[in-house]
>>> print(open('my_file_38.cif').read())   # mmCIF, C-alpha atoms
data_query
#
loop_
_atom_site.group_PDB
_atom_site.id
_atom_site.type_symbol
_atom_site.label_atom_id
_atom_site.label_comp_id
_atom_site.auth_asym_id
_atom_site.auth_seq_id
_atom_site.Cartn_x
_atom_site.Cartn_y
_atom_site.Cartn_z
ATOM 1 C CA MET A 185 0.000 0.000 0.000
ATOM 2 C CA LYS A 186 2.820 2.416 0.927
ATOM 3 C CA SER A 187 4.723 1.940 -2.323
ATOM 4 C CA PHE A 188 1.535 2.476 -4.347
ATOM 5 C CA LEU A 189 0.736 5.705 -2.499
ATOM 6 C CA LYS A 190 4.270 6.967 -2.983
ATOM 7 C CA MET A 191 4.149 6.236 -6.705
ATOM 8 C CA MET A 192 0.779 7.945 -7.128
ATOM 9 C CA LYS A 193 2.006 11.202 -5.607
ATOM 10 C CA TYR A 194 3.951 11.909 -8.769
ATOM 11 C CA ARG A 195 1.309 10.946 -11.354
ATOM 12 C CA LEU A 196 -1.453 13.478 -11.893
ATOM 13 C CA PRO A 197 -3.534 13.210 -15.083
ATOM 14 C CA SER A 198 -4.458 16.524 -16.672
ATOM 15 C CA ILE A 199 -8.152 16.234 -15.818
ATOM 16 C CA PHE A 200 -7.240 15.886 -12.130
ATOM 17 C CA LEU A 201 -4.952 18.893 -12.424
ATOM 18 C CA LEU A 202 -7.908 20.966 -13.662
ATOM 19 C CA ALA A 203 -9.982 19.720 -10.740
ATOM 20 C CA ALA A 204 -7.217 20.689 -8.338
ATOM 21 C CA ILE A 205 -7.058 24.201 -9.805
ATOM 22 C CA ALA A 206 -10.817 24.517 -9.424
ATOM 23 C CA VAL A 207 -10.545 23.643 -5.730
ATOM 24 C CA VAL A 208 -7.927 26.334 -5.205
ATOM 25 C CA LEU A 209 -10.042 28.941 -7.017
ATOM 26 C CA MET A 210 -13.032 28.080 -4.834
ATOM 27 C CA GLY A 211 -11.002 29.146 -1.828
ATOM 28 C CA GLY A 212 -12.747 26.754 0.594
ATOM 29 C CA ARG A 213 -10.600 25.138 3.237
ATOM 30 C CA CYS A 214 -13.109 22.428 4.116
ATOM 31 C CA THR A 215 -14.398 21.481 0.675
ATOM 32 C CA SER A 216 -15.879 18.151 -0.376
ATOM 33 C CA PHE A 217 -13.683 16.348 -2.872
ATOM 34 C CA GLY A 218 -16.363 13.878 -4.035
ATOM 35 C CA LYS A 219 -14.909 11.045 -6.116
ATOM 36 C CA LEU A 220 -11.440 12.517 -6.621
ATOM 37 C CA SER A 221 -8.566 10.218 -5.796
ATOM 38 C CA ASP A 222 -6.215 10.521 -2.836
ATOM 39 C CA THR A 223 -3.532 11.779 -5.209
ATOM 40 C CA VAL A 224 -5.678 14.651 -6.472
ATOM 41 C CA LYS A 225 -6.457 15.696 -2.922
ATOM 42 C CA GLN A 226 -2.790 15.789 -2.020
ATOM 43 C CA LYS A 227 -1.852 17.640 -5.195
ATOM 44 C CA SER A 228 -4.722 20.116 -4.811
ATOM 45 C CA LYS A 229 -3.149 21.119 -1.488
ATOM 46 C CA PRO A 230 0.544 20.687 -2.248
ATOM 47 C CA GLU A 231 1.570 22.311 1.017
ATOM 48 C CA LEU A 232 0.106 19.328 2.890
ATOM 49 C CA VAL A 233 2.584 16.953 1.290
ATOM 50 C CA GLN A 234 5.455 18.866 2.868
ATOM 51 C CA LYS A 235 4.452 18.080 6.450
ATOM 52 C CA VAL A 236 6.017 14.980 7.952
ATOM 53 C CA GLU A 237 3.236 14.433 10.467
ATOM 54 C CA PHE A 238 0.444 14.091 7.898
ATOM 55 C CA PRO A 239 -0.892 10.597 7.119
ATOM 56 C CA ALA A 240 -2.064 9.550 3.667
ATOM 57 C CA LEU A 241 -5.272 11.323 2.673
ATOM 58 C CA THR A 242 -8.550 9.625 1.804
ATOM 59 C CA ASN A 243 -11.747 10.767 0.091
ATOM 60 C CA ASP A 244 -13.557 11.547 3.353
ATOM 61 C CA ASP A 245 -10.783 13.812 4.670
ATOM 62 C CA ASP A 246 -11.789 17.478 4.644
ATOM 63 C CA VAL A 247 -8.563 19.141 5.652
ATOM 64 C CA ILE A 248 -8.660 22.311 7.758
ATOM 65 C CA GLU A 249 -5.434 23.985 8.795
ATOM 66 C CA HIS A 250 -5.211 25.945 12.014
ATOM 67 C CA LEU A 251 -2.259 27.681 13.609
ATOM 68 C CA GLY A 252 -1.263 24.853 15.917
ATOM 69 C CA TYR A 253 -2.666 21.753 14.233
ATOM 70 C CA THR A 254 -4.378 20.377 11.138
ATOM 71 C CA THR A 255 -7.621 18.396 11.288
ATOM 72 C CA ALA A 256 -9.132 16.145 8.634
ATOM 73 C CA TYR A 257 -12.840 16.349 9.373
ATOM 74 C CA ASN A 258 -15.377 13.689 8.475
ATOM 75 C CA HIS A 259 -18.888 15.021 7.778
ATOM 76 C CA LYS A 260 -20.493 11.621 8.340
ATOM 77 C CA THR A 261 -19.063 10.770 11.760
ATOM 78 C CA LEU A 262 -18.866 14.484 12.671
ATOM 79 C CA THR A 263 -15.470 13.841 14.209
ATOM 80 C CA PRO A 264 -11.977 14.276 12.776
ATOM 81 C CA ASN A 265 -10.518 11.314 10.915
ATOM 82 C CA TRP A 266 -7.159 12.507 12.191
ATOM 83 C CA VAL A 267 -5.460 15.505 13.758
ATOM 84 C CA ALA A 268 -1.745 16.126 13.237
ATOM 85 C CA TYR A 269 0.784 18.667 14.445
ATOM 86 C CA GLU A 270 4.403 19.295 15.331
ATOM 87 C CA LEU A 271 5.174 20.120 18.958
ATOM 88 C CA THR A 272 8.509 21.753 19.780
ATOM 89 C CA ALA A 273 10.296 21.872 23.116
ATOM 90 C CA GLU A 274 9.653 25.618 23.373
ATOM 91 C CA GLU A 275 5.938 25.122 22.749
ATOM 92 C CA ALA A 276 5.773 22.310 25.298
ATOM 93 C CA GLU A 277 7.407 24.576 27.917
ATOM 94 C CA ALA A 278 5.032 27.499 27.320
ATOM 95 C CA TYR A 279 2.108 28.284 29.576
ATOM 96 C CA MET A 280 -1.166 30.174 29.494
ATOM 97 C CA PRO A 281 -4.508 29.404 31.154
ATOM 98 C CA ARG A 282 -7.109 27.330 29.333
ATOM 99 C CA ASN A 283 -10.000 29.302 27.922
ATOM 100 C CA ASP A 284 -12.502 26.405 27.643
ATOM 101 C CA ALA A 285 -14.445 28.297 24.974
ATOM 102 C CA PHE A 286 -15.744 25.381 22.909
ATOM 103 C CA ALA A 287 -17.146 26.475 19.548
ATOM 104 C CA GLN A 288 -17.952 25.375 16.027
ATOM 105 C CA ASP A 289 -15.249 25.773 13.407
ATOM 106 C CA GLU A 290 -16.016 28.669 11.045
ATOM 107 C CA ALA A 291 -13.362 27.398 8.609
ATOM 108 C CA CYS A 292 -15.428 24.254 8.042
ATOM 109 C CA HIS A 293 -18.298 24.839 5.630
ATOM 110 C CA GLY A 294 -19.871 21.380 5.661
ATOM 111 C CA GLN A 295 -21.949 19.737 8.373
ATOM 112 C CA GLN A 296 -20.254 19.537 11.754
ATOM 113 C CA ALA A 297 -21.140 18.704 15.324
ATOM 114 C CA GLU A 298 -22.852 21.257 17.531
ATOM 115 C CA LEU A 299 -22.312 22.070 21.191
ATOM 116 C CA SER A 300 -25.820 20.802 21.918
ATOM 117 C CA ASP A 301 -24.849 17.334 20.682
ATOM 118 C CA TYR A 302 -22.452 16.926 23.595
ATOM 119 C CA ARG A 303 -24.613 18.639 26.207
ATOM 120 C CA ARG A 304 -25.919 16.147 28.787
ATOM 121 C CA SER A 305 -24.746 13.285 26.578
ATOM 122 C CA GLY A 306 -22.565 11.703 29.235
ATOM 123 C CA TRP A 307 -19.512 11.985 26.952
ATOM 124 C CA ASP A 308 -16.678 14.497 27.085
ATOM 125 C CA ARG A 309 -15.641 16.801 24.260
ATOM 126 C CA GLY A 310 -12.284 15.063 23.977
ATOM 127 C CA HIS A 311 -9.430 17.024 22.421
ATOM 128 C CA MET A 312 -7.319 15.373 19.772
ATOM 129 C CA ALA A 313 -4.742 18.194 19.763
ATOM 130 C CA PRO A 314 -4.769 18.993 23.493
ATOM 131 C CA ALA A 315 -5.110 22.524 24.796
ATOM 132 C CA ALA A 316 -2.004 21.964 26.914
ATOM 133 C CA ASP A 317 0.032 21.597 23.701
ATOM 134 C CA MET A 318 -1.234 24.968 22.439
ATOM 135 C CA ARG A 319 -0.228 27.167 25.375
ATOM 136 C CA TRP A 320 2.314 29.019 23.233
ATOM 137 C CA SER A 321 -0.310 31.169 21.449
ATOM 138 C CA GLU A 322 -3.719 32.610 22.310
ATOM 139 C CA GLN A 323 -4.930 31.795 18.809
ATOM 140 C CA ALA A 324 -3.615 28.234 18.942
ATOM 141 C CA MET A 325 -5.209 27.765 22.359
ATOM 142 C CA ALA A 326 -8.570 29.098 21.189
ATOM 143 C CA GLU A 327 -8.544 26.946 18.043
ATOM 144 C CA SER A 328 -7.856 23.816 20.079
ATOM 145 C CA PHE A 329 -11.415 24.157 21.444
ATOM 146 C CA LEU A 330 -13.065 23.997 18.024
ATOM 147 C CA LEU A 331 -15.423 21.063 17.569
ATOM 148 C CA THR A 332 -13.486 19.860 14.521
ATOM 149 C CA ASN A 333 -10.775 18.919 17.035
ATOM 150 C CA MET A 334 -13.183 16.978 19.265
ATOM 151 C CA CYS A 335 -14.428 13.418 19.648
ATOM 152 C CA PRO A 336 -16.835 11.996 22.225
ATOM 153 C CA GLN A 337 -14.664 10.452 24.925
ATOM 154 C CA ASN A 338 -15.400 8.586 28.111
ATOM 155 C CA SER A 339 -14.704 11.067 30.911
ATOM 156 C CA GLU A 340 -12.403 8.792 32.898
ATOM 157 C CA PHE A 341 -10.513 7.836 29.763
ATOM 158 C CA ASN A 342 -10.168 11.483 28.729
ATOM 159 C CA ALA A 343 -8.718 12.486 32.096
ATOM 160 C CA GLY A 344 -6.776 9.253 32.539
ATOM 161 C CA ALA A 345 -5.125 7.075 29.916
ATOM 162 C CA TRP A 346 -5.586 9.553 27.048
ATOM 163 C CA GLU A 347 -4.125 12.390 29.097
ATOM 164 C CA LYS A 348 -1.167 10.126 29.780
ATOM 165 C CA THR A 349 -0.405 10.022 26.042
ATOM 166 C CA GLU A 350 -0.657 13.826 25.926
ATOM 167 C CA LYS A 351 1.856 14.205 28.736
ATOM 168 C CA MET A 352 4.116 11.725 26.974
ATOM 169 C CA GLY A 353 4.066 13.911 23.864
ATOM 170 C CA ARG A 354 5.204 16.966 25.825
ATOM 171 C CA ARG A 355 7.901 14.983 27.593
ATOM 172 C CA ILE A 356 9.249 13.700 24.290
ATOM 173 C CA ALA A 357 9.199 17.162 22.734
ATOM 174 C CA LYS A 358 11.267 18.551 25.603
ATOM 175 C CA LYS A 359 13.743 15.672 25.439
ATOM 176 C CA TYR A 360 14.316 15.566 21.672
ATOM 177 C CA GLY A 361 13.530 19.142 20.674
ATOM 178 C CA LYS A 362 10.318 18.330 18.838
ATOM 179 C CA VAL A 363 7.859 15.543 18.145
ATOM 180 C CA TYR A 364 5.446 14.911 15.285
ATOM 181 C CA ILE A 365 2.038 13.691 16.462
ATOM 182 C CA VAL A 366 -0.948 12.235 14.630
ATOM 183 C CA CYS A 367 -4.032 10.856 16.367
ATOM 184 C CA GLY A 368 -7.702 10.174 15.852
ATOM 185 C CA PRO A 369 -10.702 7.939 16.471
ATOM 186 C CA ILE A 370 -11.163 4.284 15.578
ATOM 187 C CA TYR A 371 -14.598 2.967 14.624
ATOM 188 C CA ASP A 372 -14.911 -0.803 14.756
ATOM 189 C CA GLU A 373 -18.424 -1.903 15.674
ATOM 190 C CA ASN A 374 -19.623 1.567 16.738
ATOM 191 C CA ALA A 375 -20.601 -0.137 19.975
ATOM 192 C CA PHE A 376 -21.459 3.126 21.734
ATOM 193 C CA GLY A 377 -23.710 4.556 19.045
ATOM 194 C CA THR A 378 -24.064 8.298 18.603
ATOM 195 C CA ILE A 379 -24.877 11.413 20.599
ATOM 196 C CA GLY A 380 -27.070 14.420 19.936
ATOM 197 C CA ALA A 381 -29.554 15.414 17.281
ATOM 198 C CA ASN A 382 -26.793 15.354 14.662
ATOM 199 C CA HIS A 383 -25.768 11.796 15.554
ATOM 200 C CA VAL A 384 -22.109 12.386 16.339
ATOM 201 C CA ALA A 385 -20.440 8.972 16.227
ATOM 202 C CA ILE A 386 -18.797 7.776 19.445
ATOM 203 C CA PRO A 387 -15.408 6.127 18.769
ATOM 204 C CA ASP A 388 -14.734 2.609 19.970
ATOM 205 C CA ALA A 389 -11.067 3.465 20.462
ATOM 206 C CA PHE A 390 -8.365 5.998 19.625
ATOM 207 C CA PHE A 391 -4.951 5.887 17.998
ATOM 208 C CA LYS A 392 -1.890 8.049 18.407
ATOM 209 C CA ALA A 393 1.553 7.907 16.817
ATOM 210 C CA PHE A 394 4.727 9.794 17.679
ATOM 211 C CA LEU A 395 7.656 10.464 15.353
ATOM 212 C CA ILE A 396 10.981 11.929 16.501
ATOM 213 C CA GLU A 397 14.297 12.802 14.896
ATOM 214 C CA VAL A 398 17.050 11.137 16.889
ATOM 215 C CA ASP A 399 20.553 9.741 16.368
ATOM 216 C CA GLY A 400 20.690 11.072 12.823
ATOM 217 C CA SER A 401 17.464 9.409 11.741
ATOM 218 C CA TYR A 402 13.872 8.929 12.914
ATOM 219 C CA ALA A 403 12.037 6.715 15.383
ATOM 220 C CA ALA A 404 8.310 6.092 15.756
ATOM 221 C CA ILE A 405 5.810 4.434 18.063
ATOM 222 C CA GLY A 406 2.064 3.833 17.924
ATOM 223 C CA PHE A 407 -0.701 3.464 20.493
ATOM 224 C CA LYS A 408 -4.243 2.147 20.479
ATOM 225 C CA MET A 409 -6.512 2.746 23.481
ATOM 226 C CA ASN A 410 -10.142 1.794 23.973
ATOM 227 C CA ASN A 411 -12.700 4.492 24.771
ATOM 228 C CA VAL A 412 -13.545 3.005 28.154
ATOM 229 C CA PRO A 413 -13.097 4.045 31.804
ATOM 230 C CA GLU A 414 -10.721 1.211 32.707
ATOM 231 C CA TRP A 415 -7.086 2.286 33.071
ATOM 232 C CA GLN A 416 -4.784 1.378 30.176
ATOM 233 C CA GLU A 417 -1.016 1.379 30.524
ATOM 234 C CA LEU A 418 1.101 3.066 27.884
ATOM 235 C CA LYS A 419 3.399 0.078 27.479
ATOM 236 C CA ALA A 420 0.551 -2.389 27.046
ATOM 237 C CA SER A 421 -1.155 -0.070 24.546
ATOM 238 C CA SER A 422 1.976 0.537 22.459
ATOM 239 C CA MET A 423 2.847 -1.102 19.162
ATOM 240 C CA SER A 424 4.865 -0.560 16.023
ATOM 241 C CA VAL A 425 3.473 1.943 13.547
ATOM 242 C CA ASP A 426 3.123 -0.883 11.016
ATOM 243 C CA SER A 427 0.838 -2.718 13.445
ATOM 244 C CA LEU A 428 -1.157 0.438 14.096
ATOM 245 C CA GLU A 429 -1.568 1.044 10.366
ATOM 246 C CA SER A 430 -3.039 -2.412 9.951
ATOM 247 C CA ILE A 431 -5.666 -1.534 12.573
ATOM 248 C CA ILE A 432 -6.670 1.890 11.286
ATOM 249 C CA GLY A 433 -6.269 1.126 7.563
ATOM 250 C CA ARG A 434 -4.251 4.259 6.869
ATOM 251 C CA ASP A 435 -0.630 4.905 5.966
ATOM 252 C CA LEU A 436 1.080 7.021 8.626
ATOM 253 C CA PHE A 437 4.101 9.229 7.922
ATOM 254 C CA PRO A 438 4.036 8.498 4.160
ATOM 255 C CA ASN A 439 6.084 11.611 3.389
ATOM 256 C CA LEU A 440 9.240 10.097 4.812
ATOM 257 C CA PRO A 441 11.623 8.427 2.355
ATOM 258 C CA ASP A 442 10.470 4.860 1.736
ATOM 259 C CA ASP A 443 13.560 3.218 3.206
ATOM 260 C CA VAL A 444 13.331 5.313 6.371
ATOM 261 C CA GLU A 445 9.597 4.752 6.726
ATOM 262 C CA ASN A 446 9.885 0.994 6.297
ATOM 263 C CA GLU A 447 12.710 0.778 8.814
ATOM 264 C CA ILE A 448 11.260 2.853 11.646
ATOM 265 C CA GLU A 449 7.665 1.696 11.354
ATOM 266 C CA SER A 450 8.510 -1.986 11.665
ATOM 267 C CA LYS A 451 9.907 -1.803 15.195
ATOM 268 C CA ILE A 452 9.950 0.080 18.489
ATOM 269 C CA VAL A 453 13.298 1.225 19.887
ATOM 270 C CA LYS A 454 12.361 1.114 23.547
ATOM 271 C CA LYS A 455 15.150 3.343 24.859
ATOM 272 C CA TYR A 456 13.649 6.413 23.165
ATOM 273 C CA TRP A 457 10.199 6.358 24.726
ATOM 274 C CA GLY A 458 10.548 5.850 28.461
ATOM 275 C CA ILE A 459 7.642 3.443 28.842
#
>>> encode(input="my_file_38.cif", output="structure tokens")
Amino acid sequence: MKSFLKMMKYRLPSIFLLAAIAVVLMGGRCTSFGKLSDTVKQKSKPELVQKVEFPALTNDDDVIEHLGYTTAYNHKTLTPNWVAYELTAEEAEAYMPRNDAFAQDEACHGQQAELSDYRRSGWDRGHMAPAADMRWSEQAMAESFLLTNMCPQNSEFNAGAWEKTEKMGRRIAKKYGKVYIVCGPIYDENAFGTIGANHVAIPDAFFKAFLIEVDGSYAAIGFKMNNVPEWQELKASSMSVDSLESIIGRDLFPNLPDDVENEIESKIVKKYWGI
């Protein structure tokens, strides 16, 4: 799958090029791409290809870029397919109070969740890009509370095991200078159903992957955690990125050179992660 995606990045038929130009002229940042291929979507936003943290794009990714993170919103689940960002040591050290001003995302022009969907639902508005990672900018902090960065999360999970992965990200950023992070929901059986009048889908689980530059190359690790109140240890939830990709059905870190990607995603170098 990875080699096919890499090859397709450099092959863009003329009709797809015209479609890509049309998207740019429309000026929308959260535009439906219909039946266009993954390659057209990447080429229609060439700046996305430059970012190491971005996974491979799919037809239901509506990509919205904010100051501190990028979200790929899904208008059917009304949750992000993935959220990705780079966190530096300086950003991880910064501090400002949370504003807790949850809001809809004005940059997203398709259907999205509403605040009322979460109200009295019994599920948290769970950040994908956490507010604590955006304390380096008032704008970045405010944008972290947009609903296109949220998924319904079990409250104990949100404040427990998931927060543990967030703290790990900041620790890694401080140790290695920066970390690339991509995370999002996993829908298996949709065992928890939906919430609200708009039927926001409740994830069965969540994934997160970290990528660092270290010892002259890269290293990566993946995590899968269930959306349940029971405590989940980082070590027990960890896996190679290859294993995580097989679960979520998406190529992570495809913008790395093939030989580097294949090497780092097949294993976990335990000494780097402290778990």
>>> resolve_selection(input="my_file_38.cif", expression="the PyMOL selection byres ((chain A and resi 379-395) around 6)", output="ChimeraX atom specification")
/A:261-262,301,336,363-371,374,376-378,396,403-411
>>> residues_around(input="my_file_38.cif", residues="range 323-325 of chain A", least_positions_apart="5", cutoff="10 Å", atoms="all atoms listed in the file", output="list in words")
His250, Leu251, Gly252, Tyr253, Met280, Pro281, Arg282, Asn283, Asp284, Ala285, Ala313, Pro314, Ala315, Ala316, Asp317, Met318 and Leu330 of chain A
>>> write_last_selection(input="my_file_38.cif", atoms="C-alpha atoms", output="JSON list (two decimals), in the frame of the given file")
[["chain", "number", "residue", "atom", "x", "y", "z"],
["A", 250, "HIS", "CA", -5.21, 25.94, 12.01],
["A", 251, "LEU", "CA", -2.26, 27.68, 13.61],
["A", 252, "GLY", "CA", -1.26, 24.85, 15.92],
["A", 253, "TYR", "CA", -2.67, 21.75, 14.23],
["A", 280, "MET", "CA", -1.17, 30.17, 29.49],
["A", 281, "PRO", "CA", -4.51, 29.40, 31.15],
["A", 282, "ARG", "CA", -7.11, 27.33, 29.33],
["A", 283, "ASN", "CA", -10.00, 29.30, 27.92],
["A", 284, "ASP", "CA", -12.50, 26.40, 27.64],
["A", 285, "ALA", "CA", -14.44, 28.30, 24.97],
["A", 313, "ALA", "CA", -4.74, 18.19, 19.76],
["A", 314, "PRO", "CA", -4.77, 18.99, 23.49],
["A", 315, "ALA", "CA", -5.11, 22.52, 24.80],
["A", 316, "ALA", "CA", -2.00, 21.96, 26.91],
["A", 317, "ASP", "CA", 0.03, 21.60, 23.70],
["A", 318, "MET", "CA", -1.23, 24.97, 22.44],
["A", 330, "LEU", "CA", -13.06, 24.00, 18.02]]
>>> residues_around(input="my_file_38.cif", residues="Ser339 in chain A", least_positions_apart="2", cutoff="12 Å", atoms="all atoms listed in the file", output="PyMOL selection string")
chain A and resi 305-311+335-337+341-347+411-415
>>> atom_distance(input="my_file_38.cif", atom1="CA of Cys292 in chain A", atom2="CA of Ile248 in chain A")
7.0 Å
>>> residues_around(input="my_file_38.cif", residues="range 426-441 of chain A", least_positions_apart="3", cutoff="7 Å", atoms="all atoms listed in the file", output="NGL selection string")
:A and (186 or 233 or 236-240 or 370 or 406 or 423 or 444-445 or 449-450)
>>> resolve_selection(input="my_file_38.cif", expression="the PyMOL selection byres ((chain A and resi 331) around 10)", output="list in words")
Tyr257, Leu262, Thr263, Pro264, Phe286, Ala287, Gln288, Asp289, Gln296, Ala297, Glu298, Leu299, Arg309, Gly310, His311, Glu327, Ser328, Phe329, Leu330, Thr332, Asn333, Met334 and Cys335 of chain A
>>> build_atoms(input="my_file_38.cif", residues="range 360-378 of chain A", atoms="N, CA, C and O atoms", output="PDB file, keeping the file's coordinate frame")
ATOM      1  N   TYR A 360      13.703  15.676  22.997  1.00  0.00           N
ATOM      2  CA  TYR A 360      14.316  15.566  21.672  1.00  0.00           C
ATOM      3  C   TYR A 360      14.221  16.843  20.846  1.00  0.00           C
ATOM      4  O   TYR A 360      14.691  16.874  19.711  1.00  0.00           O
ATOM      5  N   GLY A 361      13.613  17.882  21.394  1.00  0.00           N
ATOM      6  CA  GLY A 361      13.530  19.142  20.674  1.00  0.00           C
ATOM      7  C   GLY A 361      12.224  19.347  19.948  1.00  0.00           C
ATOM      8  O   GLY A 361      11.727  20.471  19.840  1.00  0.00           O
ATOM      9  N   LYS A 362      11.630  18.270  19.471  1.00  0.00           N
ATOM     10  CA  LYS A 362      10.318  18.330  18.838  1.00  0.00           C
ATOM     11  C   LYS A 362       9.804  16.918  18.621  1.00  0.00           C
ATOM     12  O   LYS A 362      10.574  15.950  18.598  1.00  0.00           O
ATOM     13  N   VAL A 363       8.503  16.817  18.446  1.00  0.00           N
ATOM     14  CA  VAL A 363       7.859  15.543  18.145  1.00  0.00           C
ATOM     15  C   VAL A 363       6.734  15.794  17.151  1.00  0.00           C
ATOM     16  O   VAL A 363       6.067  16.829  17.207  1.00  0.00           O
ATOM     17  N   TYR A 364       6.570  14.869  16.220  1.00  0.00           N
ATOM     18  CA  TYR A 364       5.446  14.911  15.285  1.00  0.00           C
ATOM     19  C   TYR A 364       4.374  13.970  15.814  1.00  0.00           C
ATOM     20  O   TYR A 364       4.667  12.819  16.161  1.00  0.00           O
ATOM     21  N   ILE A 365       3.128  14.455  15.845  1.00  0.00           N
ATOM     22  CA  ILE A 365       2.038  13.691  16.462  1.00  0.00           C
ATOM     23  C   ILE A 365       0.868  13.603  15.494  1.00  0.00           C
ATOM     24  O   ILE A 365       0.489  14.600  14.871  1.00  0.00           O
ATOM     25  N   VAL A 366       0.298  12.419  15.375  1.00  0.00           N
ATOM     26  CA  VAL A 366      -0.948  12.235  14.630  1.00  0.00           C
ATOM     27  C   VAL A 366      -1.833  11.315  15.453  1.00  0.00           C
ATOM     28  O   VAL A 366      -1.363  10.324  16.030  1.00  0.00           O
ATOM     29  N   CYS A 367      -3.114  11.650  15.552  1.00  0.00           N
ATOM     30  CA  CYS A 367      -4.032  10.856  16.367  1.00  0.00           C
ATOM     31  C   CYS A 367      -5.437  10.965  15.807  1.00  0.00           C
ATOM     32  O   CYS A 367      -5.717  11.802  14.947  1.00  0.00           O
ATOM     33  N   GLY A 368      -6.325  10.120  16.308  1.00  0.00           N
ATOM     34  CA  GLY A 368      -7.702  10.174  15.852  1.00  0.00           C
ATOM     35  C   GLY A 368      -8.529   9.016  16.375  1.00  0.00           C
ATOM     36  O   GLY A 368      -8.031   8.154  17.121  1.00  0.00           O
ATOM     37  N   PRO A 369      -9.794   8.983  15.995  1.00  0.00           N
ATOM     38  CA  PRO A 369     -10.702   7.939  16.471  1.00  0.00           C
ATOM     39  C   PRO A 369     -10.598   6.657  15.649  1.00  0.00           C
ATOM     40  O   PRO A 369     -10.151   6.669  14.496  1.00  0.00           O
ATOM     41  N   ILE A 370     -11.035   5.575  16.257  1.00  0.00           N
ATOM     42  CA  ILE A 370     -11.163   4.284  15.578  1.00  0.00           C
ATOM     43  C   ILE A 370     -12.613   3.832  15.728  1.00  0.00           C
ATOM     44  O   ILE A 370     -13.148   3.797  16.844  1.00  0.00           O
ATOM     45  N   TYR A 371     -13.232   3.489  14.614  1.00  0.00           N
ATOM     46  CA  TYR A 371     -14.598   2.967  14.624  1.00  0.00           C
ATOM     47  C   TYR A 371     -14.567   1.512  14.170  1.00  0.00           C
ATOM     48  O   TYR A 371     -14.253   1.227  13.021  1.00  0.00           O
ATOM     49  N   ASP A 372     -14.851   0.620  15.084  1.00  0.00           N
ATOM     50  CA  ASP A 372     -14.911  -0.803  14.756  1.00  0.00           C
ATOM     51  C   ASP A 372     -16.370  -1.221  14.589  1.00  0.00           C
ATOM     52  O   ASP A 372     -16.884  -1.295  13.492  1.00  0.00           O
ATOM     53  N   GLU A 373     -17.020  -1.480  15.694  1.00  0.00           N
ATOM     54  CA  GLU A 373     -18.424  -1.903  15.674  1.00  0.00           C
ATOM     55  C   GLU A 373     -19.375  -0.751  15.998  1.00  0.00           C
ATOM     56  O   GLU A 373     -20.584  -0.934  15.989  1.00  0.00           O
ATOM     57  N   ASN A 374     -18.822   0.429  16.279  1.00  0.00           N
ATOM     58  CA  ASN A 374     -19.623   1.567  16.738  1.00  0.00           C
ATOM     59  C   ASN A 374     -20.525   1.126  17.899  1.00  0.00           C
ATOM     60  O   ASN A 374     -21.722   1.366  17.920  1.00  0.00           O
ATOM     61  N   ALA A 375     -19.871   0.486  18.868  1.00  0.00           N
ATOM     62  CA  ALA A 375     -20.601  -0.137  19.975  1.00  0.00           C
ATOM     63  C   ALA A 375     -21.329   0.866  20.855  1.00  0.00           C
ATOM     64  O   ALA A 375     -22.313   0.520  21.515  1.00  0.00           O
ATOM     65  N   PHE A 376     -20.872   2.125  20.845  1.00  0.00           N
ATOM     66  CA  PHE A 376     -21.459   3.126  21.734  1.00  0.00           C
ATOM     67  C   PHE A 376     -22.484   4.002  21.032  1.00  0.00           C
ATOM     68  O   PHE A 376     -23.074   4.891  21.662  1.00  0.00           O
ATOM     69  N   GLY A 377     -22.686   3.805  19.756  1.00  0.00           N
ATOM     70  CA  GLY A 377     -23.710   4.556  19.045  1.00  0.00           C
ATOM     71  C   GLY A 377     -23.319   5.991  18.761  1.00  0.00           C
ATOM     72  O   GLY A 377     -22.167   6.291  18.436  1.00  0.00           O
ATOM     73  N   THR A 378     -24.280   6.887  18.923  1.00  0.00           N
ATOM     74  CA  THR A 378     -24.064   8.298  18.603  1.00  0.00           C
ATOM     75  C   THR A 378     -24.623   9.175  19.719  1.00  0.00           C
ATOM     76  O   THR A 378     -25.348   8.694  20.597  1.00  0.00           O
TER      77      THR A 378
END
